[in-house]
file data15.cif (mmCIF, C-alpha atoms)
data_structure
loop_
_atom_site.label_atom_id
_atom_site.label_comp_id
_atom_site.auth_asym_id
_atom_site.auth_seq_id
_atom_site.Cartn_x
_atom_site.Cartn_y
_atom_site.Cartn_z
CA MET A 1 71.27 -40.08 -230.87
CA ALA A 2 68.97 -39.13 -228.02
CA ALA A 3 68.40 -41.83 -225.40
CA TRP A 4 64.66 -42.02 -226.07
CA ARG A 5 65.26 -42.48 -229.79
CA ARG A 6 67.86 -45.24 -229.15
CA THR A 7 65.32 -46.95 -226.91
CA ARG A 8 62.60 -46.80 -229.58
CA VAL A 9 64.96 -48.22 -232.25
CA THR A 10 66.07 -51.03 -229.92
CA VAL A 11 62.48 -51.94 -229.07
CA ALA A 12 61.46 -51.89 -232.75
CA LEU A 13 64.35 -54.13 -233.73
CA ALA A 14 63.58 -56.55 -230.91
CA ALA A 15 59.93 -56.69 -231.96
CA ALA A 16 60.86 -57.33 -235.59
CA ILE A 17 63.24 -60.12 -234.60
CA ALA A 18 60.60 -61.67 -232.38
CA LEU A 19 58.00 -61.53 -235.14
CA THR A 20 60.40 -63.08 -237.63
CA ALA A 21 61.38 -65.84 -235.26
CA GLY A 22 57.76 -66.50 -234.42
CA GLY A 23 56.83 -66.65 -238.09
CA CYS A 24 59.54 -69.21 -238.84
CA ALA A 25 58.69 -71.39 -235.87
CA GLY A 26 55.02 -71.41 -236.74
CA SER A 27 55.33 -72.21 -240.43
CA GLY A 28 57.81 -75.07 -240.59
CA GLY A 29 60.25 -72.88 -242.49
CA GLY A 30 58.24 -69.71 -242.99
CA SER A 31 57.52 -70.17 -246.71
CA THR A 32 54.50 -72.44 -247.00
CA PRO A 33 51.05 -71.22 -245.96
CA GLY A 34 49.06 -73.69 -243.90
CA VAL A 35 52.05 -75.77 -242.85
CA THR A 36 53.59 -75.64 -239.38
CA ASP A 37 55.88 -78.04 -237.59
CA THR A 38 52.85 -79.86 -236.22
CA THR A 39 49.90 -79.20 -238.59
CA VAL A 40 48.78 -79.02 -242.21
CA THR A 41 45.59 -77.02 -242.79
CA VAL A 42 43.43 -77.51 -245.88
CA GLY A 43 40.06 -76.00 -246.76
CA GLY A 44 37.01 -76.68 -248.89
CA THR A 45 33.59 -75.32 -249.82
CA LEU A 46 30.59 -77.63 -249.53
CA PRO A 47 26.79 -77.31 -249.67
CA LEU A 48 25.91 -77.91 -246.02
CA THR A 49 22.61 -76.20 -246.84
CA GLY A 50 20.70 -75.50 -250.06
CA PRO A 51 19.52 -77.66 -252.99
CA ALA A 52 22.65 -79.84 -253.11
CA ALA A 53 22.90 -80.43 -249.35
CA PRO A 54 21.12 -83.82 -249.24
CA GLY A 55 23.90 -86.38 -249.22
CA TYR A 56 26.66 -83.97 -250.22
CA SER A 57 26.65 -82.27 -246.80
CA GLU A 58 28.09 -85.51 -245.40
CA GLN A 59 31.32 -85.20 -247.35
CA GLY A 60 33.04 -82.63 -245.12
CA PRO A 61 32.48 -84.56 -241.88
CA ALA A 62 33.46 -87.82 -243.60
CA ALA A 63 36.78 -86.48 -244.93
CA LYS A 64 37.49 -84.93 -241.54
CA ALA A 65 36.75 -88.28 -239.86
CA PHE A 66 39.39 -89.97 -242.01
CA PHE A 67 41.88 -87.26 -241.12
CA ASP A 68 41.00 -87.61 -237.44
CA TYR A 69 41.74 -91.31 -237.76
CA VAL A 70 45.13 -90.57 -239.34
CA ASN A 71 45.84 -87.87 -236.76
CA ALA A 72 45.14 -90.30 -233.92
CA ALA A 73 47.98 -92.45 -235.28
CA GLY A 74 50.37 -89.47 -235.27
CA GLY A 75 49.50 -87.74 -238.52
CA ILE A 76 51.81 -87.51 -241.53
CA ASN A 77 55.48 -86.85 -240.85
CA GLY A 78 54.53 -85.58 -237.39
CA ARG A 79 51.90 -83.17 -238.71
CA LYS A 80 48.18 -83.51 -238.04
CA ILE A 81 45.74 -82.56 -240.77
CA THR A 82 43.15 -79.86 -240.10
CA PHE A 83 40.25 -79.66 -242.55
CA LYS A 84 38.28 -76.40 -242.61
CA TYR A 85 35.17 -76.94 -244.69
CA VAL A 86 32.61 -74.14 -245.00
CA ASP A 87 29.04 -73.90 -246.27
CA ASP A 88 28.55 -72.18 -249.63
CA GLY A 89 24.94 -73.37 -250.03
CA TYR A 90 25.71 -74.36 -253.66
CA ASN A 91 25.68 -70.61 -254.33
CA PRO A 92 28.52 -69.43 -256.62
CA ALA A 93 28.68 -65.98 -255.03
CA GLN A 94 29.17 -67.57 -251.62
CA THR A 95 31.78 -69.92 -253.06
CA VAL A 96 33.84 -66.96 -254.25
CA THR A 97 33.66 -65.16 -250.91
CA LEU A 98 34.45 -68.22 -248.82
CA THR A 99 37.25 -69.49 -251.05
CA LYS A 100 39.01 -66.14 -250.82
CA GLN A 101 38.52 -66.21 -247.06
CA LEU A 102 40.09 -69.65 -246.78
CA VAL A 103 43.06 -68.63 -248.94
CA LEU A 104 43.68 -65.03 -247.87
CA GLN A 105 42.61 -65.11 -244.21
CA ASP A 106 42.90 -68.72 -243.10
CA ASN A 107 46.02 -69.30 -245.24
CA VAL A 108 45.18 -72.89 -246.12
CA PHE A 109 47.87 -75.06 -247.65
CA ALA A 110 45.48 -76.35 -250.31
CA MET A 111 41.82 -76.54 -251.24
CA LEU A 112 40.39 -80.04 -251.06
CA GLY A 113 37.15 -81.66 -252.19
CA SER A 114 35.29 -78.42 -252.95
CA LEU A 115 31.94 -79.43 -254.41
CA GLY A 116 30.02 -78.37 -257.47
CA THR A 117 30.48 -77.49 -261.12
CA PRO A 118 28.51 -74.20 -261.15
CA THR A 119 30.23 -73.10 -257.94
CA HIS A 120 33.84 -74.13 -258.34
CA THR A 121 34.19 -72.86 -261.90
CA LYS A 122 33.89 -69.36 -260.39
CA VAL A 123 37.05 -69.73 -258.27
CA VAL A 124 39.36 -71.93 -260.32
CA ASP A 125 41.10 -68.94 -261.95
CA PHE A 126 41.66 -67.26 -258.58
CA LEU A 127 43.13 -70.41 -257.03
CA ASN A 128 45.50 -70.98 -259.92
CA SER A 129 46.65 -67.38 -260.12
CA SER A 130 47.29 -67.61 -256.37
CA ARG A 131 49.19 -70.90 -256.89
CA VAL A 132 47.06 -72.73 -254.37
CA PRO A 133 46.77 -76.50 -254.93
CA ASP A 134 43.13 -77.12 -255.85
CA LEU A 135 42.75 -80.82 -255.29
CA PHE A 136 40.09 -83.38 -256.08
CA VAL A 137 37.22 -81.06 -256.97
CA ALA A 138 33.99 -82.90 -256.12
CA SER A 139 32.63 -82.65 -259.63
CA GLY A 140 33.23 -84.57 -262.83
CA CYS A 141 33.57 -81.55 -265.08
CA THR A 142 36.16 -82.13 -267.80
CA CYS A 143 37.27 -78.56 -267.14
CA TRP A 144 39.41 -79.63 -264.14
CA ASP A 145 41.73 -81.47 -266.53
CA SER A 146 43.50 -78.44 -267.96
CA PRO A 147 47.18 -78.63 -266.88
CA GLN A 148 48.28 -75.77 -269.11
CA GLN A 149 45.58 -73.29 -268.10
CA HIS A 150 45.03 -74.50 -264.53
CA PRO A 151 48.18 -76.33 -263.39
CA TYR A 152 47.09 -76.38 -259.73
CA THR A 153 43.63 -77.94 -260.23
CA TYR A 154 42.89 -81.69 -260.27
CA GLY A 155 39.74 -83.70 -260.67
CA TRP A 156 39.21 -86.95 -258.77
CA GLN A 157 36.06 -88.80 -259.77
CA PRO A 158 35.54 -89.99 -263.36
CA ASP A 159 34.66 -86.99 -265.46
CA TYR A 160 31.11 -86.71 -266.76
CA THR A 161 32.04 -87.46 -270.34
CA VAL A 162 33.79 -90.70 -269.37
CA GLU A 163 30.81 -91.67 -267.22
CA GLY A 164 28.40 -90.64 -269.99
CA LYS A 165 30.23 -92.93 -272.42
CA ILE A 166 29.96 -95.89 -270.03
CA LEU A 167 26.23 -95.26 -269.48
CA GLY A 168 25.72 -94.58 -273.19
CA ASP A 169 27.40 -97.85 -274.10
CA TYR A 170 25.03 -99.66 -271.71
CA VAL A 171 21.97 -97.87 -273.11
CA LYS A 172 23.00 -98.67 -276.68
CA LYS A 173 23.45 -102.36 -275.93
CA THR A 174 20.46 -102.77 -273.62
CA PHE A 175 17.78 -100.53 -275.12
CA ALA A 176 18.25 -100.83 -278.85
CA GLY A 177 15.31 -99.28 -280.71
CA LYS A 178 13.82 -97.71 -277.56
CA LYS A 179 12.97 -94.02 -277.23
CA ILE A 180 15.50 -92.17 -275.04
CA ALA A 181 15.20 -88.83 -273.22
CA TYR A 182 17.78 -86.78 -271.31
CA PHE A 183 17.05 -84.77 -268.16
CA TYR A 184 20.12 -82.74 -267.27
CA GLN A 185 21.54 -79.94 -265.15
CA ASP A 186 22.05 -76.98 -267.47
CA ASP A 187 25.78 -76.45 -266.94
CA ASP A 188 29.03 -78.29 -267.65
CA PHE A 189 27.80 -81.23 -265.55
CA GLY A 190 24.85 -81.96 -267.81
CA HIS A 191 26.52 -80.90 -271.03
CA ASP A 192 29.64 -83.04 -270.46
CA GLY A 193 27.48 -86.04 -269.56
CA MET A 194 25.47 -85.70 -272.78
CA LYS A 195 28.68 -85.50 -274.82
CA GLY A 196 29.57 -88.94 -273.53
CA LEU A 197 26.08 -90.34 -274.04
CA ASP A 198 25.89 -89.03 -277.57
CA LYS A 199 29.03 -90.95 -278.57
CA PHE A 200 27.05 -94.18 -278.24
CA VAL A 201 23.31 -93.50 -278.20
CA ASP A 202 21.79 -93.37 -281.67
CA GLN A 203 20.52 -89.80 -282.06
CA SER A 204 17.41 -90.99 -283.84
CA GLN A 205 16.39 -92.60 -280.53
CA VAL A 206 16.72 -89.36 -278.50
CA VAL A 207 13.22 -87.86 -278.44
CA SER A 208 13.63 -85.15 -275.78
CA ARG A 209 16.34 -83.18 -273.97
CA GLN A 210 15.13 -81.23 -270.95
CA PRO A 211 17.39 -79.03 -268.79
CA TYR A 212 16.86 -77.82 -265.23
CA GLN A 213 18.41 -74.98 -263.26
CA PRO A 214 19.70 -75.91 -259.77
CA GLY A 215 17.64 -74.04 -257.19
CA ASN A 216 14.44 -74.06 -259.25
CA THR A 217 12.46 -77.04 -257.97
CA ASP A 218 9.54 -76.56 -260.36
CA ILE A 219 10.48 -79.13 -262.97
CA GLY A 220 6.91 -80.09 -263.83
CA PRO A 221 7.15 -78.72 -267.39
CA GLN A 222 10.29 -80.73 -268.13
CA VAL A 223 8.83 -83.95 -266.74
CA ALA A 224 5.62 -83.42 -268.71
CA ALA A 225 7.57 -82.79 -271.92
CA ILE A 226 9.53 -86.02 -271.50
CA ALA A 227 6.35 -87.95 -270.69
CA ARG A 228 4.69 -86.59 -273.85
CA SER A 229 7.68 -87.70 -275.90
CA GLY A 230 6.92 -91.29 -274.98
CA ALA A 231 10.49 -92.00 -273.92
CA ASP A 232 10.98 -95.57 -272.68
CA VAL A 233 14.26 -94.68 -270.98
CA VAL A 234 15.26 -91.43 -269.26
CA VAL A 235 18.92 -90.68 -268.56
CA LEU A 236 19.34 -88.32 -265.60
CA GLU A 237 22.37 -86.07 -265.36
CA SER A 238 21.16 -84.68 -262.03
CA ILE A 239 22.11 -84.12 -258.40
CA PRO A 240 20.18 -86.26 -255.86
CA ALA A 241 17.38 -83.78 -255.15
CA TYR A 242 16.51 -83.59 -258.84
CA THR A 243 16.68 -87.34 -259.33
CA ALA A 244 14.02 -87.59 -256.61
CA LEU A 245 11.99 -84.68 -257.97
CA PHE A 246 11.96 -86.22 -261.44
CA LYS A 247 10.80 -89.59 -260.13
CA LEU A 248 7.98 -88.05 -258.09
CA GLY A 249 6.94 -85.81 -260.99
CA ALA A 250 6.77 -88.82 -263.29
CA LEU A 251 4.69 -90.77 -260.77
CA LYS A 252 2.16 -87.94 -260.60
CA LEU A 253 1.70 -88.28 -264.36
CA GLY A 254 1.43 -92.05 -264.22
CA TYR A 255 4.67 -92.22 -266.20
CA ASN A 256 7.15 -94.97 -265.31
CA PRO A 257 10.15 -95.05 -267.66
CA LYS A 258 13.37 -96.97 -267.05
CA LEU A 259 15.82 -94.64 -265.28
CA VAL A 260 19.56 -94.44 -265.91
CA ALA A 261 21.37 -91.94 -263.69
CA SER A 262 24.81 -90.45 -263.26
CA SER A 263 26.56 -91.65 -260.11
CA VAL A 264 26.35 -88.05 -258.91
CA GLY A 265 22.61 -88.38 -258.34
CA ALA A 266 22.13 -92.08 -257.74
CA ASP A 267 23.22 -92.89 -254.18
CA PRO A 268 20.40 -95.20 -253.02
CA THR A 269 20.39 -94.05 -249.39
CA THR A 270 20.30 -90.36 -250.29
CA VAL A 271 17.74 -90.58 -253.10
CA SER A 272 15.46 -92.94 -251.14
CA GLY A 273 15.45 -90.56 -248.18
CA LEU A 274 14.67 -87.61 -250.43
CA LEU A 275 11.79 -89.46 -252.09
CA GLU A 276 10.25 -90.25 -248.72
CA ASN A 277 10.70 -86.68 -247.44
CA PHE A 278 9.29 -85.05 -250.57
CA ALA A 279 6.34 -87.44 -250.66
CA LYS A 280 5.62 -86.82 -246.98
CA LYS A 281 5.50 -83.07 -247.58
CA ALA A 282 3.01 -83.73 -250.38
CA GLY A 283 0.81 -85.71 -247.98
CA SER A 284 1.62 -89.26 -249.05
CA ALA A 285 3.75 -92.04 -247.66
CA VAL A 286 6.11 -94.01 -249.89
CA ARG A 287 9.03 -96.33 -249.45
CA GLY A 288 11.83 -94.60 -251.27
CA SER A 289 13.82 -97.73 -251.99
CA ASP A 290 10.85 -99.18 -253.87
CA LEU A 291 10.71 -96.15 -256.15
CA ILE A 292 14.30 -96.47 -257.35
CA GLU A 293 14.29 -100.25 -257.76
CA GLY A 294 15.99 -101.07 -261.04
CA LEU A 295 17.69 -97.69 -261.46
CA VAL A 296 20.89 -98.07 -263.52
CA THR A 297 24.02 -96.10 -262.66
CA SER A 298 27.81 -96.43 -262.63
CA ALA A 299 30.15 -96.92 -259.68
CA TYR A 300 33.89 -96.48 -259.31
CA LEU A 301 34.24 -97.19 -255.56
CA PRO A 302 33.31 -100.32 -253.58
CA ALA A 303 29.69 -100.78 -252.51
CA THR A 304 28.78 -99.52 -249.06
CA ASP A 305 27.20 -102.83 -248.04
CA ASP A 306 30.15 -104.99 -249.13
CA LEU A 307 31.89 -105.33 -245.76
CA GLY A 308 33.95 -108.15 -247.23
CA ASN A 309 35.76 -105.44 -249.21
CA SER A 310 38.73 -104.20 -247.17
CA TRP A 311 38.10 -100.56 -248.11
CA THR A 312 34.43 -100.62 -247.17
CA ALA A 313 35.32 -102.33 -243.89
CA LEU A 314 37.96 -99.67 -243.14
CA PHE A 315 35.66 -96.75 -243.88
CA LYS A 316 32.80 -98.32 -241.93
CA LYS A 317 35.08 -98.70 -238.91
CA ILE A 318 36.11 -95.03 -239.11
CA HIS A 319 32.50 -93.97 -239.68
CA ASP A 320 31.28 -95.87 -236.61
CA GLN A 321 34.03 -94.38 -234.46
CA TYR A 322 33.92 -90.73 -235.55
CA ILE A 323 30.60 -89.94 -237.28
CA PRO A 324 28.06 -92.62 -236.28
CA ASP A 325 25.12 -90.19 -236.57
CA ILE A 326 25.66 -89.74 -240.33
CA PRO A 327 24.30 -92.45 -242.69
CA PHE A 328 27.00 -94.75 -244.02
CA ASP A 329 26.38 -94.17 -247.71
CA GLY A 330 28.17 -93.43 -250.95
CA ASN A 331 28.97 -89.86 -249.95
CA VAL A 332 30.85 -91.04 -246.87
CA VAL A 333 32.85 -93.58 -248.89
CA TYR A 334 33.52 -90.93 -251.55
CA ALA A 335 34.91 -88.36 -249.11
CA MET A 336 37.00 -90.84 -247.12
CA SER A 337 38.41 -92.10 -250.41
CA TYR A 338 39.58 -88.68 -251.61
CA ALA A 339 40.94 -88.01 -248.10
CA TYR A 340 42.99 -91.20 -248.47
CA THR A 341 44.35 -89.96 -251.81
CA PHE A 342 45.26 -86.63 -250.22
CA VAL A 343 47.20 -88.42 -247.48
CA GLN A 344 49.10 -90.33 -250.18
CA ALA A 345 49.91 -87.09 -251.99
CA LEU A 346 50.98 -85.36 -248.76
CA GLN A 347 53.33 -88.23 -247.95
CA ALA A 348 54.79 -88.09 -251.44
CA ALA A 349 55.30 -84.31 -251.10
CA GLY A 350 58.12 -84.93 -248.62
CA LYS A 351 58.89 -84.40 -244.96
CA THR A 352 58.75 -80.62 -245.41
CA PRO A 353 55.91 -80.24 -247.92
CA THR A 354 55.46 -77.18 -250.07
CA ARG A 355 52.67 -76.37 -252.46
CA GLN A 356 54.97 -77.11 -255.37
CA SER A 357 56.18 -80.43 -253.95
CA LEU A 358 52.53 -81.45 -253.57
CA ILE A 359 51.85 -80.63 -257.22
CA ASP A 360 55.04 -82.44 -258.30
CA ALA A 361 53.96 -85.54 -256.38
CA LEU A 362 50.57 -85.61 -258.10
CA ASN A 363 52.13 -85.12 -261.52
CA LYS A 364 54.29 -88.20 -260.95
CA GLY A 365 51.10 -90.25 -260.59
CA GLY A 366 51.10 -93.85 -259.47
CA PHE A 367 48.48 -93.47 -256.73
CA THR A 368 46.24 -96.41 -255.88
CA GLY A 369 43.50 -96.87 -253.34
CA PRO A 370 39.78 -97.65 -253.12
CA GLY A 371 39.07 -97.04 -256.80
CA LEU A 372 37.92 -99.87 -259.07
CA VAL A 373 39.91 -98.32 -261.92
CA PRO A 374 43.16 -96.31 -262.07
CA PHE A 375 43.71 -92.55 -261.95
CA ARG A 376 45.02 -90.62 -264.94
CA TYR A 377 47.31 -88.24 -263.01
CA SER A 378 50.47 -87.08 -264.77
CA ALA A 379 52.07 -83.83 -265.83
CA SER A 380 49.81 -83.86 -268.89
CA SER A 381 46.59 -85.08 -267.23
CA HIS A 382 44.81 -83.80 -264.14
CA ALA A 383 41.79 -86.04 -264.71
CA GLY A 384 40.67 -88.50 -262.04
CA PHE A 385 39.48 -92.08 -262.43
CA THR A 386 39.40 -93.59 -265.91
CA GLY A 387 35.96 -95.19 -265.71
CA GLY A 388 33.60 -97.21 -263.54
CA GLN A 389 31.27 -100.18 -263.40
CA ILE A 390 27.59 -100.49 -264.27
CA ALA A 391 25.44 -101.04 -261.17
CA ILE A 392 21.70 -101.59 -260.77
CA VAL A 393 19.75 -100.70 -257.63
CA GLN A 394 18.20 -103.86 -256.23
CA GLY A 395 16.65 -104.06 -252.79
CA GLY A 396 17.91 -100.58 -251.91
CA ARG A 397 21.54 -101.32 -252.78
CA GLN A 398 23.74 -100.98 -255.82
CA VAL A 399 24.57 -104.37 -257.33
CA SER A 400 27.57 -104.37 -259.68
CA GLN A 401 27.16 -105.77 -263.18
CA GLY A 402 30.02 -107.31 -265.13
CA SER A 403 33.55 -105.96 -264.92
CA ALA A 404 34.91 -102.48 -264.35
CA LEU A 405 35.23 -100.41 -267.53
CA THR A 406 37.64 -97.74 -268.72
CA THR A 407 37.67 -95.19 -271.52
CA ASP A 408 38.70 -91.60 -272.23
CA ASP A 409 37.03 -88.34 -273.25
CA GLY A 410 37.61 -88.96 -276.93
CA ASP A 411 36.38 -91.61 -279.32
CA SER A 412 38.06 -94.62 -277.69
CA ALA A 413 35.92 -97.65 -277.00
CA VAL A 414 34.66 -98.61 -273.54
CA VAL A 415 36.81 -101.60 -272.56
CA PRO A 416 36.90 -104.00 -269.57
CA TYR A 417 39.47 -103.44 -266.82
CA SER A 418 40.61 -106.64 -265.17
CA VAL A 419 43.29 -105.56 -262.68
CA VAL A 420 42.29 -106.58 -259.15
CA GLN A 421 41.56 -103.74 -256.74
CA PRO A 422 44.37 -103.34 -254.17
CA THR A 423 43.71 -104.27 -250.56
CA ALA A 424 43.50 -101.51 -247.95
CA PRO A 425 46.55 -101.19 -245.66
CA ALA A 426 46.19 -103.16 -242.44
CA ASN A 427 46.15 -99.98 -240.35
CA GLY A 428 44.24 -97.96 -242.95
CA ILE A 429 47.04 -95.43 -243.52
CA PRO A 430 48.88 -95.41 -246.87
CA GLY A 431 52.59 -96.05 -246.67
CA ALA A 432 52.61 -96.44 -242.90
#

call {"tool": "encode", "arguments": {"input": "data15.cif", "output": "structure tokens"}}
result
Amino acid sequence: MAAWRRTRVTVALAAAIALTAGGCAGSGGGSTPGVTDTTVTVGGTLPLTGPAAPGYSEQGPAAKAFFDYVNAAGGINGRKITFKYVDDGYNPAQTVTLTKQLVLQDNVFAMLGSLGTPTHTKVVDFLNSSRVPDLFVASGCTCWDSPQQHPYTYGWQPDYTVEGKILGDYVKKTFAGKKIAYFYQDDDFGHDGMKGLDKFVDQSQVVSRQPYQPGNTDIGPQVAAIARSGADVVVLESIPAYTALFKLGALKLGYNPKLVASSVGADPTTVSGLLENFAKKAGSAVRGSDLIEGLVTSAYLPATDDLGNSWTALFKKIHDQYIPDIPFDGNVVYAMSYAYTFVQALQAAGKTPTRQSLIDALNKGGFTGPGLVPFRYSASSHAGFTGGQIAIVQGGRQVSQGSALTTDDGDSAVVPYSVVQPTAPANGIPGA
């Protein structure tokens, strides 16, 4: 072999060996995307802009703040957690592009907390065919609980049918004989919520069902139709912006029904701020908290103003240290809570986590944390929390009513749950 050819072969072999060695050193074994000896990288899509941004845009920074807190204590098994969250604007086309970027270019270990029913349904098949753990989708669609079709996808919050049943049970017991109307997002969010409501609310009481399309803020016709129906109670299956838009639209018509809203669109801080901003743009000044006084919703996490609760105190401490410029509201507690669950799952996945060991850990179940009710995780269920607790907005805060409640997506009754919520770990890190 000529000398120049031997030299080229030797150089090529050396380069290949170097690349292989580098790949192994950087990946904690070379087989698991997003995992190195010192880091675990996860990704998510969130509406940092667009119609769903109010409130929801806080979730990425809040989850990252919890991870920063864990990282400051050394991370999990010597690895620090990096959270890459990107803005999809609540636009499904953007969700598809950005999810593929996170998986194929950024090589994330898992997707975490991606928000939205109309957005995430467009990528769930891709993530499962790519065998990427798709954890704790920030949506209550029952579609995330499909272990056979989508074995890598898991919900986290109570699904909309479970929540609809709890709200429907309250409406049935509290507003017997009253006229009821539904205002709902025209996708699986709204449809699943109505399925739950309809299991309890007498259909002869339902006098109007009005859908809205996210992105179209002209909901005047729907509000007018509900007002004409004479409904005494309106149940809102809406994101925060549309909860506020409905309330302002009703006020313009001199219509003041009792409002019952999904937890998705009922955070008092977020909705109050939206009401004030929308009213200001229309040339009037209002106090948003006054406009949602008495609103009924459900809650499955501790109240943000209950600093006597160990979980609220923990999350408030992290908030004040890492993200003090963001309001401490339900979205912050929500995101820090699912970040806590992810840390639990990562610990359970072992000292050298793989995507499959993460899935195996979730399928074993047994996770506890800030929730008022248990999770349903198992090999046969990828659903999140089993229920929640009725809460009424009073003085700008959610005040819990009665005990926590649990149910399922079927015809089971709504029943009280009496197990005491666990206390947060002293250092705020599960298992440490």

call {"tool": "closest_residue", "arguments": {"input": "data15.cif", "among": "A:Ala379, A:Leu197, A:Ile323, A:Ile292", "to": "Gln148 (chain A)", "atoms": "all atoms listed in the file"}}
result
A:Ala379

call {"tool": "closest_residue", "arguments": {"input": "data15.cif", "among": "A:Leu274, A:Val40, A:Ala279, A:Ala52", "to": "Lys351 (chain A)", "atoms": "all atoms listed in the file"}}
result
A:Val40

call {"tool": "resolve_selection", "arguments": {"input": "data15.cif", "expression": "the PyMOL selection byres ((chain A and resi 368-370) around 10)", "output": "PDB file with C-alpha atoms, in the frame of the given file"}}
result
ATOM      1  CA  TYR A 300      33.890 -96.480-259.310  1.00  0.00           C
ATOM      2  CA  LEU A 301      34.240 -97.190-255.560  1.00  0.00           C
ATOM      3  CA  PRO A 302      33.310-100.320-253.580  1.00  0.00           C
ATOM      4  CA  ASN A 309      35.760-105.440-249.210  1.00  0.00           C
ATOM      5  CA  SER A 310      38.730-104.200-247.170  1.00  0.00           C
ATOM      6  CA  TRP A 311      38.100-100.560-248.110  1.00  0.00           C
ATOM      7  CA  THR A 312      34.430-100.620-247.170  1.00  0.00           C
ATOM      8  CA  VAL A 333      32.850 -93.580-248.890  1.00  0.00           C
ATOM      9  CA  TYR A 334      33.520 -90.930-251.550  1.00  0.00           C
ATOM     10  CA  MET A 336      37.000 -90.840-247.120  1.00  0.00           C
ATOM     11  CA  SER A 337      38.410 -92.100-250.410  1.00  0.00           C
ATOM     12  CA  TYR A 338      39.580 -88.680-251.610  1.00  0.00           C
ATOM     13  CA  TYR A 340      42.990 -91.200-248.470  1.00  0.00           C
ATOM     14  CA  THR A 341      44.350 -89.960-251.810  1.00  0.00           C
ATOM     15  CA  GLN A 344      49.100 -90.330-250.180  1.00  0.00           C
ATOM     16  CA  GLY A 365      51.100 -90.250-260.590  1.00  0.00           C
ATOM     17  CA  GLY A 366      51.100 -93.850-259.470  1.00  0.00           C
ATOM     18  CA  PHE A 367      48.480 -93.470-256.730  1.00  0.00           C
ATOM     19  CA  GLY A 371      39.070 -97.040-256.800  1.00  0.00           C
ATOM     20  CA  LEU A 372      37.920 -99.870-259.070  1.00  0.00           C
ATOM     21  CA  VAL A 373      39.910 -98.320-261.920  1.00  0.00           C
ATOM     22  CA  PRO A 374      43.160 -96.310-262.070  1.00  0.00           C
ATOM     23  CA  PHE A 375      43.710 -92.550-261.950  1.00  0.00           C
ATOM     24  CA  GLN A 421      41.560-103.740-256.740  1.00  0.00           C
ATOM     25  CA  PRO A 422      44.370-103.340-254.170  1.00  0.00           C
ATOM     26  CA  THR A 423      43.710-104.270-250.560  1.00  0.00           C
ATOM     27  CA  ALA A 424      43.500-101.510-247.950  1.00  0.00           C
ATOM     28  CA  PRO A 425      46.550-101.190-245.660  1.00  0.00           C
ATOM     29  CA  PRO A 430      48.880 -95.410-246.870  1.00  0.00           C
TER      30      PRO A 430
END

call {"tool": "residues_around", "arguments": {"input": "data15.cif", "residues": "region 154-164 of chain A", "least_positions_apart": "3", "cutoff": "8 Å", "atoms": "all atoms listed in the file", "output": "PyMOL selection string"}}
result
chain A and resi 134-142+144-145+167-168+189-190+192-197+262+298+300+338+375+382-388+407-409

call {"tool": "resolve_selection", "arguments": {"input": "data15.cif", "expression": "the PyMOL selection byres ((chain A and resi 122-132) around 7)", "output": "ChimeraX atom specification"}}
result
/A:92,96,110,119-121,133-134,150-152,355

call {"tool": "write_last_selection", "arguments": {"input": "data15.cif", "atoms": "C-alpha atoms", "output": "PDB file, in the frame of the given file"}}
result
ATOM      1  CA  PRO A  92      28.520 -69.430-256.620  1.00  0.00           C
ATOM      2  CA  VAL A  96      33.840 -66.960-254.250  1.00  0.00           C
ATOM      3  CA  ALA A 110      45.480 -76.350-250.310  1.00  0.00           C
ATOM      4  CA  THR A 119      30.230 -73.100-257.940  1.00  0.00           C
ATOM      5  CA  HIS A 120      33.840 -74.130-258.340  1.00  0.00           C
ATOM      6  CA  THR A 121      34.190 -72.860-261.900  1.00  0.00           C
ATOM      7  CA  PRO A 133      46.770 -76.500-254.930  1.00  0.00           C
ATOM      8  CA  ASP A 134      43.130 -77.120-255.850  1.00  0.00           C
ATOM      9  CA  HIS A 150      45.030 -74.500-264.530  1.00  0.00           C
ATOM     10  CA  PRO A 151      48.180 -76.330-263.390  1.00  0.00           C
ATOM     11  CA  TYR A 152      47.090 -76.380-259.730  1.00  0.00           C
ATOM     12  CA  ARG A 355      52.670 -76.370-252.460  1.00  0.00           C
TER      13      ARG A 355
END

call {"tool": "closest_residue", "arguments": {"input": "data15.cif", "among": "A:Asp202, A:Asp169, A:Asp218, A:Asp305", "to": "Ala413 (chain A)", "atoms": "all atoms listed in the file"}}
result
A:Asp169

call {"tool": "atom_distance", "arguments": {"input": "data15.cif", "atom1": "CA of Val233 (chain A)", "atom2": "CA of Cys143 (chain A)"}}
result
28.4 Å

call {"tool": "closest_residue", "arguments": {"input": "data15.cif", "among": "A:Lys173, A:Arg228, A:Lys281, A:Lys84", "to": "Ser114 (chain A)", "atoms": "only C-alpha atoms"}}
result
A:Lys84

call {"tool": "residues_around", "arguments": {"input": "data15.cif", "residues": "region 66-79 of chain A", "least_positions_apart": "4", "cutoff": "9 Å", "atoms": "all atoms listed in the file", "output": "VMD selection string"}}
result
chain A and resid 35 to 40 61 to 62 83 315 318 to 319 321 to 322 335 to 337 339 to 340 343 346 to 347 350 to 352 428 to 429

call {"tool": "atom_distance", "arguments": {"input": "data15.cif", "atom1": "CA of Gly431 (chain A)", "atom2": "CA of Ser146 (chain A)"}}
result
29.1 Å

call {"tool": "resolve_selection", "arguments": {"input": "data15.cif", "expression": "the PyMOL selection byres ((chain A and resi 49) around 7)", "output": "PyMOL selection string"}}
result
chain A and resi 47-48+50+53+87+89
